[in-house]
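File shown: input-v2.txt (compact mmCIF, C-alpha atoms).
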```txt
# COMPACT_ATOMS: atom_id res chain seq x y z
CA MET A 290 51.20 9.09 -98.05
CA SER A 291 49.06 12.15 -97.68
CA LYS A 292 50.30 15.71 -97.73
CA GLU A 293 47.76 16.80 -95.17
CA PRO A 294 48.35 19.79 -92.94
CA LEU A 295 50.33 19.15 -89.80
CA ASN A 296 49.21 20.51 -86.49
CA LYS A 297 52.36 19.81 -84.65
CA LEU A 298 55.96 20.07 -85.58
CA CYS A 299 57.88 18.38 -82.84
CA LEU A 300 60.98 20.44 -82.27
CA SER A 301 62.05 18.10 -79.57
CA CYS A 302 63.54 16.53 -82.65
CA LEU A 303 66.63 14.62 -82.02
CA ALA A 304 69.40 16.64 -83.59
CA GLY A 305 72.21 14.79 -82.05
CA LEU A 306 75.50 13.20 -82.62
CA LEU A 307 74.98 9.46 -82.47
CA ILE A 308 78.24 7.63 -82.23
CA PHE A 309 78.68 4.17 -83.64
CA PRO A 310 81.92 2.26 -84.10
CA GLY A 311 83.73 3.95 -86.97
CA THR A 312 80.84 6.23 -87.83
CA ALA A 313 79.74 9.61 -86.52
CA VAL A 314 76.28 10.61 -87.69
CA MET A 315 74.59 13.98 -87.43
CA ALA A 316 71.05 12.67 -87.30
CA GLU A 317 68.08 14.94 -87.72
CA ILE A 318 64.81 13.33 -86.75
CA THR A 319 61.47 15.08 -86.72
CA VAL A 320 58.07 13.84 -85.64
CA GLU A 321 54.86 15.31 -87.03
CA VAL A 322 51.20 14.61 -86.37
CA GLY A 323 48.65 14.82 -89.20
CA LYS A 324 46.03 17.45 -88.47
CA ASN A 325 43.16 15.46 -89.97
CA THR A 326 44.19 11.90 -89.25
CA GLY A 327 46.22 12.10 -86.05
CA LEU A 328 48.72 9.74 -87.67
CA LYS A 329 52.38 10.32 -86.88
CA THR A 330 55.21 10.76 -89.34
CA TRP A 331 58.88 10.34 -88.47
CA LYS A 332 61.50 11.80 -90.78
CA TRP A 333 65.21 11.10 -90.66
CA THR A 334 67.55 13.25 -92.74
CA HIS A 335 71.27 13.19 -93.29
CA GLU A 336 73.16 15.10 -96.00
CA GLY A 337 70.23 15.12 -98.40
CA VAL A 338 69.20 11.54 -97.68
CA SER A 339 65.80 11.23 -96.07
CA LEU A 340 63.49 8.51 -94.85
CA ARG A 341 59.88 9.35 -93.97
CA LEU A 342 57.82 6.79 -92.09
CA VAL A 343 54.09 7.42 -91.85
CA GLN A 344 51.87 5.30 -89.61
CA ARG A 345 49.29 3.23 -91.45
CA LEU A 346 46.14 2.22 -89.61
CA PRO A 347 45.53 -1.55 -89.54
CA ASP A 348 42.22 -0.87 -91.31
CA GLN A 349 44.02 0.97 -94.11
CA THR A 350 46.26 -2.02 -94.73
CA ARG A 351 43.38 -4.47 -94.33
CA ALA A 352 41.28 -2.64 -96.92
CA TYR A 353 44.24 -2.25 -99.27
CA VAL A 354 45.19 -5.92 -99.36
CA MET A 355 41.60 -7.17 -99.42
CA ALA A 356 40.97 -4.95 -102.45
CA LYS A 357 43.92 -6.71 -104.07
CA GLY A 358 42.30 -10.10 -103.39
CA PHE A 359 43.71 -11.28 -100.06
CA PRO A 360 41.27 -13.34 -97.98
CA ARG A 361 40.25 -12.03 -94.56
CA ASP A 362 42.64 -14.09 -92.43
CA ALA A 363 45.71 -13.14 -94.45
CA ALA A 364 44.53 -9.51 -94.57
CA ASP A 365 44.16 -9.50 -90.77
CA GLU A 366 47.65 -10.87 -90.35
CA LEU A 367 49.11 -8.21 -92.63
CA ALA A 368 47.01 -5.45 -91.04
CA THR A 369 48.29 -6.23 -87.56
CA SER A 370 51.95 -6.50 -88.57
CA CYS A 371 52.79 -2.78 -88.24
CA PHE A 372 52.93 -1.20 -91.68
CA PHE A 373 54.38 2.23 -92.31
CA GLY A 374 54.07 4.20 -95.53
CA SER A 375 57.69 4.95 -96.38
CA MET A 376 59.43 7.44 -98.62
CA PHE A 377 63.15 7.00 -99.06
CA ARG A 378 64.95 9.69 -101.05
CA ASN A 379 68.46 10.49 -102.08
CA ASP A 380 68.54 14.23 -102.66
CA GLY A 381 72.19 14.41 -101.73
CA ASN A 382 75.24 14.18 -103.95
CA LEU A 383 76.46 10.67 -103.20
CA PRO A 384 75.23 7.23 -104.23
CA LEU A 385 73.32 5.32 -101.58
CA ASP A 386 72.74 1.62 -101.00
CA PHE A 387 70.55 -0.08 -98.45
CA ASP A 388 69.58 -3.59 -97.49
CA LEU A 389 66.58 -3.77 -95.18
CA ARG A 390 67.69 -7.20 -93.95
CA GLN A 391 70.46 -5.41 -92.05
CA TRP A 392 68.04 -3.13 -90.19
CA LYS A 393 66.98 -4.03 -86.67
CA VAL A 394 63.70 -3.60 -84.84
CA VAL A 395 64.30 -3.26 -81.10
CA HIS A 396 61.16 -3.82 -79.04
CA ASN A 397 61.24 -4.29 -75.25
CA GLY A 398 64.95 -5.05 -75.47
CA ARG A 399 64.47 -7.78 -78.06
CA GLU A 400 66.01 -7.44 -81.51
CA THR A 401 64.24 -8.71 -84.64
CA GLY A 402 64.43 -8.08 -88.37
CA MET A 403 61.95 -6.31 -90.59
CA LYS A 404 59.29 -8.24 -92.49
CA VAL A 405 60.65 -7.75 -95.98
CA ARG A 406 59.18 -8.69 -99.36
CA GLU A 407 60.83 -12.08 -99.54
CA LEU A 408 59.35 -13.21 -96.21
CA TRP A 409 55.79 -12.44 -97.30
CA LYS A 410 56.41 -14.00 -100.70
CA GLN A 411 57.58 -17.19 -99.04
CA LYS A 412 54.75 -17.13 -96.52
CA PHE A 413 51.95 -16.81 -99.08
CA ARG A 414 53.51 -18.87 -101.88
CA GLU A 415 51.59 -22.06 -101.04
CA ARG A 416 48.24 -20.38 -100.38
CA LYS A 417 45.99 -21.38 -103.27
CA ASP A 418 43.29 -19.01 -102.05
CA ILE A 419 45.47 -15.96 -102.62
CA PRO A 420 45.39 -15.01 -106.29
CA ALA A 421 48.75 -14.40 -107.98
CA PRO A 422 47.92 -10.74 -108.82
CA ALA A 423 47.29 -10.11 -105.10
CA ARG A 424 50.67 -11.57 -104.13
CA ILE A 425 52.44 -9.70 -106.93
CA GLY A 426 50.67 -6.47 -105.95
CA LEU A 427 51.72 -6.81 -102.31
CA ASN A 428 55.29 -7.59 -103.32
CA TRP A 429 55.65 -4.44 -105.40
CA SER A 430 53.86 -2.28 -102.82
CA LEU A 431 56.59 -2.98 -100.27
CA MET A 432 59.85 -1.03 -100.18
CA PRO A 433 62.54 -2.91 -102.13
CA THR A 434 64.65 -4.99 -99.77
CA VAL A 435 67.86 -4.04 -101.54
CA GLN A 436 68.20 -0.83 -103.50
CA HIS A 437 70.77 1.47 -105.04
CA PHE A 438 69.96 5.16 -105.34
CA GLU A 439 71.99 7.55 -107.39
CA PRO A 440 71.52 11.23 -106.46
CA GLY A 441 67.98 12.21 -107.42
CA ASP A 442 66.49 8.72 -107.01
CA TYR A 443 63.79 7.69 -104.58
CA ASN A 444 61.20 5.03 -103.77
CA TRP A 445 57.89 5.00 -102.01
CA GLY A 446 56.74 1.74 -100.51
CA MET A 447 55.44 0.19 -97.34
CA THR A 448 57.77 -1.13 -94.67
CA VAL A 449 56.70 -3.74 -92.14
CA TYR A 450 58.00 -4.27 -88.61
CA GLY A 451 56.15 -7.37 -87.39
CA LEU A 452 54.70 -5.90 -84.16
CA PRO A 453 51.12 -5.59 -82.90
CA PRO A 454 49.17 -2.32 -83.27
CA GLY A 455 50.18 0.44 -80.85
CA GLU A 456 53.58 -1.03 -79.95
CA THR A 457 56.62 1.22 -79.70
CA PHE A 458 60.08 0.32 -80.98
CA ASP A 459 63.46 1.69 -82.03
CA LEU A 460 64.63 1.25 -85.59
CA HIS A 461 68.37 0.71 -86.07
CA LEU A 462 69.05 1.50 -89.69
CA LYS A 463 72.12 1.23 -91.83
CA VAL A 464 72.87 2.60 -95.28
CA MET A 465 76.01 2.78 -97.38
CA LEU A 466 76.70 6.31 -98.48
CA ASP A 467 79.28 6.36 -101.27
CA GLY A 468 80.35 2.93 -100.07
CA LYS A 469 80.80 4.00 -96.44
CA PRO A 470 78.53 2.63 -93.71
CA LEU A 471 76.23 5.06 -91.97
CA GLU A 472 74.18 3.87 -89.00
CA THR A 473 71.60 5.57 -86.88
CA VAL A 474 68.62 4.93 -84.64
CA ILE A 475 65.12 6.29 -84.99
CA PRO A 476 63.83 5.97 -81.44
CA GLY A 477 60.25 5.64 -80.30
CA LEU A 478 58.52 4.68 -83.52
CA GLN A 479 54.99 3.58 -82.84
CA CYS A 480 52.90 1.14 -84.85
CA ALA A 481 49.53 2.76 -85.53
CA PRO A 482 46.93 1.60 -83.02
CA GLU A 483 43.64 0.11 -84.24
CA VAL A 484 42.01 3.50 -83.70
CA VAL A 485 43.74 6.86 -83.64
CA GLU A 486 42.36 9.72 -81.63
CA LYS A 487 42.11 12.68 -83.96
CA PRO A 488 43.63 15.90 -82.66
CA ALA A 489 41.18 18.51 -81.45
CA SER A 490 40.76 21.22 -84.10
CA MET B 809 72.31 30.54 -85.24
CA LYS B 810 68.53 30.63 -84.83
CA LYS B 811 68.19 32.08 -88.33
CA ILE B 812 70.31 29.31 -89.84
CA PHE B 813 68.21 26.71 -88.04
CA CYS B 814 64.99 28.27 -89.41
CA ILE B 815 66.36 28.34 -92.98
CA LEU B 816 67.43 24.71 -92.64
CA LEU B 817 64.00 23.79 -91.34
CA LEU B 818 62.26 25.61 -94.19
CA PHE B 819 64.51 23.79 -96.67
CA LEU B 820 63.59 20.43 -95.15
CA LEU B 821 59.89 21.23 -95.26
CA LEU B 822 60.10 22.32 -98.90
CA GLN B 823 61.87 19.10 -99.70
CA GLY B 824 58.89 17.27 -98.25
CA GLN B 825 56.50 19.16 -100.50
CA LEU B 826 58.54 18.18 -103.54
CA GLY B 827 58.38 14.54 -102.52
CA ALA B 828 56.89 13.06 -105.68
CA THR B 829 59.65 14.09 -108.08
CA GLY B 830 63.26 13.04 -108.39
CA ARG B 831 65.93 14.51 -110.59
CA GLY B 832 68.27 13.55 -113.37
CA LEU B 833 69.09 10.39 -115.25
CA THR B 834 71.80 8.00 -114.10
CA LEU B 835 74.24 6.96 -116.79
CA LEU B 836 74.74 3.19 -116.71
CA LYS B 837 78.43 2.98 -117.51
CA ASP B 838 78.43 -0.67 -118.58
CA LYS B 839 75.32 -0.16 -120.77
CA PRO B 840 73.84 -3.63 -120.17
CA ALA B 841 71.74 -5.22 -122.89
CA ALA B 842 68.02 -4.70 -122.34
CA PRO B 843 66.31 -8.11 -122.10
CA ASP B 844 63.88 -8.83 -124.90
CA PHE B 845 60.18 -9.24 -124.17
CA ASN B 846 56.93 -9.82 -125.92
CA LEU B 847 54.02 -8.17 -124.11
CA LYS B 848 50.48 -7.26 -125.03
CA ASP B 849 49.03 -3.79 -124.68
CA VAL B 850 45.58 -3.09 -123.26
CA ASP B 851 44.02 -3.59 -126.71
CA GLY B 852 45.65 -6.99 -127.17
CA ASN B 853 48.38 -5.83 -129.61
CA SER B 854 51.76 -7.54 -129.15
CA TYR B 855 54.97 -5.59 -128.70
CA ARG B 856 58.29 -7.37 -129.13
CA PHE B 857 61.01 -5.18 -127.70
CA SER B 858 63.68 -6.39 -130.15
CA ASP B 859 61.52 -5.11 -133.04
CA LEU B 860 62.34 -1.60 -131.82
CA LYS B 861 66.08 -1.99 -132.37
CA GLY B 862 67.40 1.07 -134.20
CA ARG B 863 65.24 3.42 -132.14
CA VAL B 864 65.79 5.14 -128.83
CA VAL B 865 63.16 3.74 -126.43
CA ILE B 866 61.97 4.99 -123.04
CA VAL B 867 60.70 2.05 -120.97
CA ASN B 868 58.79 2.99 -117.83
CA PHE B 869 57.79 0.36 -115.24
CA TRP B 870 54.82 1.45 -113.17
CA ALA B 871 51.49 0.50 -111.55
CA THR B 872 48.23 2.38 -111.14
CA TRP B 873 48.28 2.18 -107.31
CA CYS B 874 51.74 3.77 -107.10
CA PRO B 875 51.46 7.52 -106.32
CA PRO B 876 54.78 8.65 -107.87
CA CYS B 877 53.94 6.61 -111.00
CA ARG B 878 50.64 8.46 -111.35
CA ALA B 879 52.33 11.78 -110.66
CA GLU B 880 54.80 11.44 -113.52
CA MET B 881 52.28 10.25 -116.15
CA PRO B 882 51.18 13.74 -117.31
CA SER B 883 54.81 14.76 -117.89
CA MET B 884 55.43 11.52 -119.76
CA GLN B 885 52.49 12.32 -122.02
CA ARG B 886 53.88 15.83 -122.63
CA ALA B 887 57.31 14.35 -123.41
CA TRP B 888 55.71 11.81 -125.74
CA GLU B 889 53.95 14.58 -127.65
CA GLN B 890 57.38 16.06 -128.40
CA LEU B 891 59.37 12.89 -128.96
CA ARG B 892 57.09 10.68 -131.05
CA GLU B 893 57.58 12.87 -134.14
CA GLU B 894 61.31 12.41 -133.72
CA GLY B 895 61.14 8.62 -133.86
CA ILE B 896 61.74 8.08 -130.16
CA MET B 897 59.52 5.38 -128.66
CA MET B 898 57.93 5.34 -125.21
CA LEU B 899 56.47 2.26 -123.52
CA ALA B 900 54.83 2.08 -120.11
CA VAL B 901 54.97 -1.43 -118.68
CA ASP B 902 52.34 -1.96 -115.99
CA VAL B 903 53.48 -4.42 -113.34
CA GLY B 904 51.07 -7.04 -112.03
CA GLU B 905 47.70 -5.57 -113.04
CA ASP B 906 45.09 -6.28 -115.67
CA GLU B 907 43.25 -4.28 -118.34
CA ASP B 908 40.48 -3.22 -115.97
CA ALA B 909 42.90 -1.41 -113.66
CA ILE B 910 44.46 0.37 -116.65
CA PHE B 911 41.12 1.41 -118.16
CA GLU B 912 40.06 2.89 -114.85
CA PHE B 913 43.35 4.76 -114.61
CA THR B 914 43.40 6.09 -118.18
CA ALA B 915 39.88 7.46 -117.73
CA SER B 916 41.42 10.01 -115.34
CA TYR B 917 44.93 10.16 -116.85
CA PRO B 918 44.59 9.84 -120.61
CA VAL B 919 47.90 8.91 -122.25
CA GLU B 920 48.63 8.07 -125.87
CA PHE B 921 51.79 5.98 -125.63
CA PRO B 922 51.42 2.17 -125.45
CA ILE B 923 50.71 0.65 -122.05
CA LEU B 924 51.88 -2.96 -121.87
CA LEU B 925 50.84 -5.58 -119.34
CA ASP B 926 53.49 -7.47 -117.38
CA THR B 927 50.92 -9.34 -115.34
CA GLU B 928 53.35 -11.83 -113.80
CA SER B 929 56.09 -9.19 -113.33
CA SER B 930 58.61 -11.46 -115.06
CA VAL B 931 59.75 -8.72 -117.46
CA SER B 932 60.17 -6.24 -114.59
CA GLU B 933 62.34 -8.75 -112.78
CA ALA B 934 64.40 -9.53 -115.90
CA TRP B 935 65.03 -5.80 -116.31
CA GLU B 936 66.18 -5.69 -112.65
CA VAL B 937 63.49 -3.30 -111.54
CA ARG B 938 63.32 -3.17 -107.75
CA GLY B 939 60.87 -0.37 -107.03
CA LEU B 940 58.20 1.50 -108.97
CA PRO B 941 58.43 3.64 -110.94
CA THR B 942 61.72 2.83 -112.60
CA THR B 943 62.48 4.05 -116.10
CA PHE B 944 65.22 3.12 -118.54
CA VAL B 945 66.32 4.90 -121.68
CA VAL B 946 67.55 2.37 -124.23
CA ASP B 947 69.74 3.28 -127.19
CA GLN B 948 69.49 2.19 -130.85
CA TRP B 949 71.52 -0.93 -130.09
CA GLY B 950 69.21 -2.16 -127.37
CA ARG B 951 71.43 -1.15 -124.48
CA LYS B 952 70.18 0.38 -121.23
CA VAL B 953 71.95 3.73 -121.13
CA TYR B 954 70.07 5.72 -118.49
CA ARG B 955 68.02 4.78 -115.42
CA ALA B 956 65.74 6.80 -113.18
CA VAL B 957 64.44 5.32 -109.92
CA GLY B 958 61.35 7.25 -108.80
CA GLY B 959 59.26 9.72 -110.76
CA ARG B 960 60.60 12.51 -112.94
CA GLU B 961 59.33 15.51 -114.85
CA TRP B 962 59.90 13.88 -118.20
CA ASP B 963 59.36 17.00 -120.26
CA ALA B 964 62.07 18.91 -118.39
CA PRO B 965 64.47 20.31 -121.02
CA GLU B 966 67.57 18.73 -119.47
CA LEU B 967 66.00 15.26 -119.58
CA LEU B 968 64.73 15.65 -123.13
CA LYS B 969 68.17 16.88 -124.20
CA LYS B 970 69.86 13.73 -122.85
CA ILE B 971 67.32 11.49 -124.56
CA ARG B 972 67.60 13.32 -127.88
CA GLU B 973 71.39 13.22 -127.73
CA LEU B 974 71.25 9.42 -127.83
CA LYS B 975 69.76 9.69 -131.31
CA GLU B 976 72.78 11.64 -132.46
CA VAL B 977 75.29 8.97 -131.45
CA PRO B 978 76.54 7.41 -134.71
```

Could you show the structure in this file as structure tokens?
Amino acid sequence: MSKEPLNKLCLSCLAGLLIFPGTAVMAEITVEVGKNTGLKTWKWTHEGVSLRLVQRLPDQTRAYVMAKGFPRDAADELATSCFFGSMFRNDGNLPLDFDLRQWKVVHNGRETGMKVRELWKQKFRERKDIPAPARIGLNWSLMPTVQHFEPGDYNWGMTVYGLPPGETFDLHLKVMLDGKPLETVIPGLQCAPEVVEKPAS
Amino acid sequence: MKKIFCILLLFLLLQGQLGATGRGLTLLKDKPAAPDFNLKDVDGNSYRFSDLKGRVVIVNFWATWCPPCRAEMPSMQRAWEQLREEGIMMLAVDVGEDEDAIFEFTASYPVEFPILLDTESSVSEAWEVRGLPTTFVVDQWGRKVYRAVGGREWDAPELLKKIRELKEVP
């Protein structure tokens, strides 16, 4: 995830009170556009917990997995599955747990799950043409499916949403903060298109 | 109100800039036994973890492609320069890569502590590592006492103090 300059800080950020059964969440969501790449970054924050999702171009993912040893067809499938570079941090004061299998991807009114590590592991297990180091490398490059963060902990990893390039979706996420459920929605996430128009300088 | 919003925004932006470092060490209250392993380093030397019993050991799980892992390596080297004379051991366990990847990495990030190869990631899984980097501090009795998920500034005085204190436990 690059730390490139940002040419746009979207203050139409959603700073709203999203009500879910039993949970009231002050959600702060910002959207930024990279000055050099044109790639978008969404950031959700709540009481020191933050999740940053940065678009990854299909070509970035394709090149990454092919360099690890994936053959072209598998690399194409991964590349067009909507990868985001993700940074999940607990800079608050309470322990945090998450399980990505509980998160929902809502696209055109249809609800699906994320494409977590275990799904890819299962999918590529029988492929003799994918070397073990490539499969192991992909596995560890993805955000852990289940994780526990004490205050001060964080992970970087890719998250995958199983949609074609350019598609827009809402992400319904759930974490346990000090054992209490916290749910929110990041609306309007967009899978990186095949080609991103760079912002005019 | 506007001023408060601006301060809050500045705080959030600064947090983003500090993205590659976490803080603190988590005390593992039940102090689970650290699973034994026998791994080779990049020069082919074998390291059996149980041979290190009686010493405090820092075990870092990492990979060369992982940005926070790379970011914390220089501070690990600085910590190692202080701790090795005190009998504290440091091991970096690379997950899923081979010697070539390590050689390429150490050309840019020279480190002097042993780098071990967990090519099949079986040791990482046995140690219940979920994301990289993850680091454990193990006491003289082979128990995992502290854990850090994500990178740290390993030569920060408060971290070194906690590690050194483990040596003092009778």

Within 9 Å of chain B, which residues of chain A show up? Give each one with its shortest atom-to-atom distance in Å (one decimal) and the two atoms involved, counting all atoms listed in the file, rows by chain then rising residue number, as a Markdown table.
```
| residue | atom | partner | partner_atom | distance |
| --- | --- | --- | --- | --- |
| A:Met290 | CA | B:Pro875 | CA | 8.4 |
| A:Lys292 | CA | B:Gln825 | CA | 7.6 |
| A:Thr334 | CA | B:Leu820 | CA | 8.5 |
| A:Met376 | CA | B:Gly827 | CA | 8.2 |
| A:Arg378 | CA | B:Gly830 | CA | 8.2 |
| A:Asn379 | CA | B:Gly830 | CA | 8.6 |
| A:Asp380 | CA | B:Gly830 | CA | 7.9 |
| A:Ala421 | CA | B:Glu928 | CA | 7.9 |
| A:Pro422 | CA | B:Gly904 | CA | 5.8 |
| A:Ala423 | CA | B:Gly904 | CA | 8.5 |
| A:Ile425 | CA | B:Gly904 | CA | 5.9 |
| A:Gly426 | CA | B:Gly904 | CA | 6.1 |
| A:Trp429 | CA | B:Gly939 | CA | 6.8 |
| A:Ser430 | CA | B:Cys874 | CA | 7.7 |
| A:Leu431 | CA | B:Gly939 | CA | 8.4 |
| A:Met432 | CA | B:Gly939 | CA | 7.0 |
| A:Pro433 | CA | B:Arg938 | CA | 5.7 |
| A:Thr434 | CA | B:Arg938 | CA | 8.3 |
| A:Val435 | CA | B:Arg938 | CA | 7.7 |
| A:Gln436 | CA | B:Arg938 | CA | 6.9 |
| A:His437 | CA | B:Val957 | CA | 8.9 |
| A:Phe438 | CA | B:Val957 | CA | 7.2 |
| A:Glu439 | CA | B:Thr834 | CA | 6.7 |
| A:Pro440 | CA | B:Arg831 | CA | 7.7 |
| A:Gly441 | CA | B:Arg831 | CA | 4.4 |
| A:Asp442 | CA | B:Val957 | CA | 4.9 |
| A:Tyr443 | CA | B:Gly958 | CA | 4.9 |
| A:Asn444 | CA | B:Gly958 | CA | 5.5 |
| A:Trp445 | CA | B:Pro876 | CA | 7.6 |
| A:Gly446 | CA | B:Gly939 | CA | 8.0 |
```

Could you pull the residues within 8 Å of Tyr917 in chain B, counting all atoms listed in the file, minus those fewer than 2 positions along the same chain, as a PyMOL selection string?
chain B and resi 881-882+913-915+919

May I ask for the distance between CA of Glu456 in chain A and CA of Asn325 in chain A, given in Å to one decimal place?
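Answer for the CA of Glu456 in chain A to CA of Asn325 in chain A separation: 21.9 Å.
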
Interatomic distance (Å, one decimal) between CA of Gly374 in chain A and CA of Thr319 in chain A
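So the answer is 15.8 Å.
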
One decimal place gives the CA of Leu385 in chain A-CA of Leu466 in chain A separation as 4.7 Å

Might you pull out every residue within 7 Å of Thr457 in chain A, with all atoms listed in the file counted and same-chain residues fewer than 3 positions away left off, and present them as a list in words?
His396, Gly477, Leu478, Gln479 and Cys480 of chain A

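Here the question is which of A:Glu483, A:Glu321, A:Glu415, A:Asp388 gets nearest to Cys371 in chain A using all atoms listed in the file, and that residue is A:Glu483.
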
As a list in words, please: the residues near Ala887 in chain B (cut-off 10 Å, all atoms listed in the file, same-chain neighbours under 2 positions excluded).
Met881, Pro882, Ser883, Met884, Gln885, Glu889, Gln890, Leu891, Arg892, Met898, Glu961, Trp962, Asp963, Ala964, Pro965, Leu967 and Leu968 of chain B

Please produce an output containing C-alpha atoms for each residue in the selection, written as a short mmCIF file (atom, residue, chain, number, x, y, z; two decimals), in the frame of the given file.
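As a result, again-v8.cif now contains:
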```
data_model
loop_
_atom_site.label_atom_id
_atom_site.label_comp_id
_atom_site.auth_asym_id
_atom_site.auth_seq_id
_atom_site.Cartn_x
_atom_site.Cartn_y
_atom_site.Cartn_z
CA MET B 881 52.28 10.25 -116.15
CA PRO B 882 51.18 13.74 -117.31
CA SER B 883 54.81 14.76 -117.89
CA MET B 884 55.43 11.52 -119.76
CA GLN B 885 52.49 12.32 -122.02
CA GLU B 889 53.95 14.58 -127.65
CA GLN B 890 57.38 16.06 -128.40
CA LEU B 891 59.37 12.89 -128.96
CA ARG B 892 57.09 10.68 -131.05
CA MET B 898 57.93 5.34 -125.21
CA GLU B 961 59.33 15.51 -114.85
CA TRP B 962 59.90 13.88 -118.20
CA ASP B 963 59.36 17.00 -120.26
CA ALA B 964 62.07 18.91 -118.39
CA PRO B 965 64.47 20.31 -121.02
CA LEU B 967 66.00 15.26 -119.58
CA LEU B 968 64.73 15.65 -123.13
#
```

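Residue nearest Asp362 in chain A, chosen from A:Lys487, A:Leu452, A:Phe413, A:Thr473 and counting all atoms listed in the file: A:Phe413.
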
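Proximity to Leu346 in chain A was assessed for A:Val464, A:Val474, A:Leu328, A:Ala363 counting only C-alpha atoms; the smallest distance is recorded for A:Leu328.
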
Can you list, as a list in words, every protein, DNA or RNA residue that comes within 9 Å of Phe359 in chain A when you count all atoms listed in the file, leaving out same-chain residues fewer than 6 positions away?
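The residues that qualify are Arg351, Asp418, Ile419, Pro420, Ala423 and Arg424 of chain A.
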
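Excluding range 341-343 of chain A itself and same-chain residues fewer than 5 positions from it, the residues having an atom within 7 Å of it are Lys329, Thr330, Trp331, Lys332, Trp333, Phe373, Gly374, Ser375, Met376 and Phe377 of chain A, counting all atoms listed in the file.
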
Atoms are missing here; could range 880-894 of chain B be completed with N, CA and C atoms and written as a PDB file, in the coordinates of the input?
```pdb
ATOM      1  N   GLU B 880      53.927  11.129-112.379  1.00  0.00           N
ATOM      2  CA  GLU B 880      54.800  11.440-113.520  1.00  0.00           C
ATOM      3  C   GLU B 880      54.123  11.213-114.868  1.00  0.00           C
ATOM      4  N   MET B 881      52.945  10.572-114.879  1.00  0.00           N
ATOM      5  CA  MET B 881      52.280  10.250-116.150  1.00  0.00           C
ATOM      6  C   MET B 881      51.988  11.484-117.017  1.00  0.00           C
ATOM      7  N   PRO B 882      51.446  12.574-116.446  1.00  0.00           N
ATOM      8  CA  PRO B 882      51.180  13.740-117.310  1.00  0.00           C
ATOM      9  C   PRO B 882      52.446  14.277-117.986  1.00  0.00           C
ATOM     10  N   SER B 883      53.567  14.265-117.267  1.00  0.00           N
ATOM     11  CA  SER B 883      54.810  14.760-117.890  1.00  0.00           C
ATOM     12  C   SER B 883      55.325  13.775-118.925  1.00  0.00           C
ATOM     13  N   MET B 884      55.042  12.496-118.734  1.00  0.00           N
ATOM     14  CA  MET B 884      55.430  11.520-119.760  1.00  0.00           C
ATOM     15  C   MET B 884      54.614  11.756-121.032  1.00  0.00           C
ATOM     16  N   GLN B 885      53.337  12.035-120.853  1.00  0.00           N
ATOM     17  CA  GLN B 885      52.490  12.320-122.020  1.00  0.00           C
ATOM     18  C   GLN B 885      53.002  13.564-122.763  1.00  0.00           C
ATOM     19  N   ARG B 886      53.372  14.606-121.984  1.00  0.00           N
ATOM     20  CA  ARG B 886      53.880  15.830-122.630  1.00  0.00           C
ATOM     21  C   ARG B 886      55.199  15.540-123.362  1.00  0.00           C
ATOM     22  N   ALA B 887      56.049  14.722-122.756  1.00  0.00           N
ATOM     23  CA  ALA B 887      57.310  14.350-123.410  1.00  0.00           C
ATOM     24  C   ALA B 887      57.034  13.557-124.683  1.00  0.00           C
ATOM     25  N   TRP B 888      56.074  12.642-124.596  1.00  0.00           N
ATOM     26  CA  TRP B 888      55.710  11.810-125.740  1.00  0.00           C
ATOM     27  C   TRP B 888      55.223  12.666-126.906  1.00  0.00           C
ATOM     28  N   GLU B 889      54.460  13.707-126.587  1.00  0.00           N
ATOM     29  CA  GLU B 889      53.950  14.580-127.650  1.00  0.00           C
ATOM     30  C   GLU B 889      55.090  15.255-128.407  1.00  0.00           C
ATOM     31  N   GLN B 890      56.225  15.458-127.731  1.00  0.00           N
ATOM     32  CA  GLN B 890      57.380  16.060-128.400  1.00  0.00           C
ATOM     33  C   GLN B 890      58.241  15.014-129.100  1.00  0.00           C
ATOM     34  N   LEU B 891      58.369  13.850-128.486  1.00  0.00           N
ATOM     35  CA  LEU B 891      59.370  12.890-128.960  1.00  0.00           C
ATOM     36  C   LEU B 891      58.869  11.950-130.058  1.00  0.00           C
ATOM     37  N   ARG B 892      57.572  11.690-130.096  1.00  0.00           N
ATOM     38  CA  ARG B 892      57.090  10.680-131.050  1.00  0.00           C
ATOM     39  C   ARG B 892      57.368  11.077-132.497  1.00  0.00           C
ATOM     40  N   GLU B 893      57.305  12.392-132.781  1.00  0.00           N
ATOM     41  CA  GLU B 893      57.580  12.870-134.140  1.00  0.00           C
ATOM     42  C   GLU B 893      59.041  12.695-134.504  1.00  0.00           C
ATOM     43  N   GLU B 894      59.868  12.526-133.491  1.00  0.00           N
ATOM     44  CA  GLU B 894      61.310  12.410-133.720  1.00  0.00           C
ATOM     45  C   GLU B 894      61.756  10.948-133.781  1.00  0.00           C
TER      46      GLU B 894
END
```
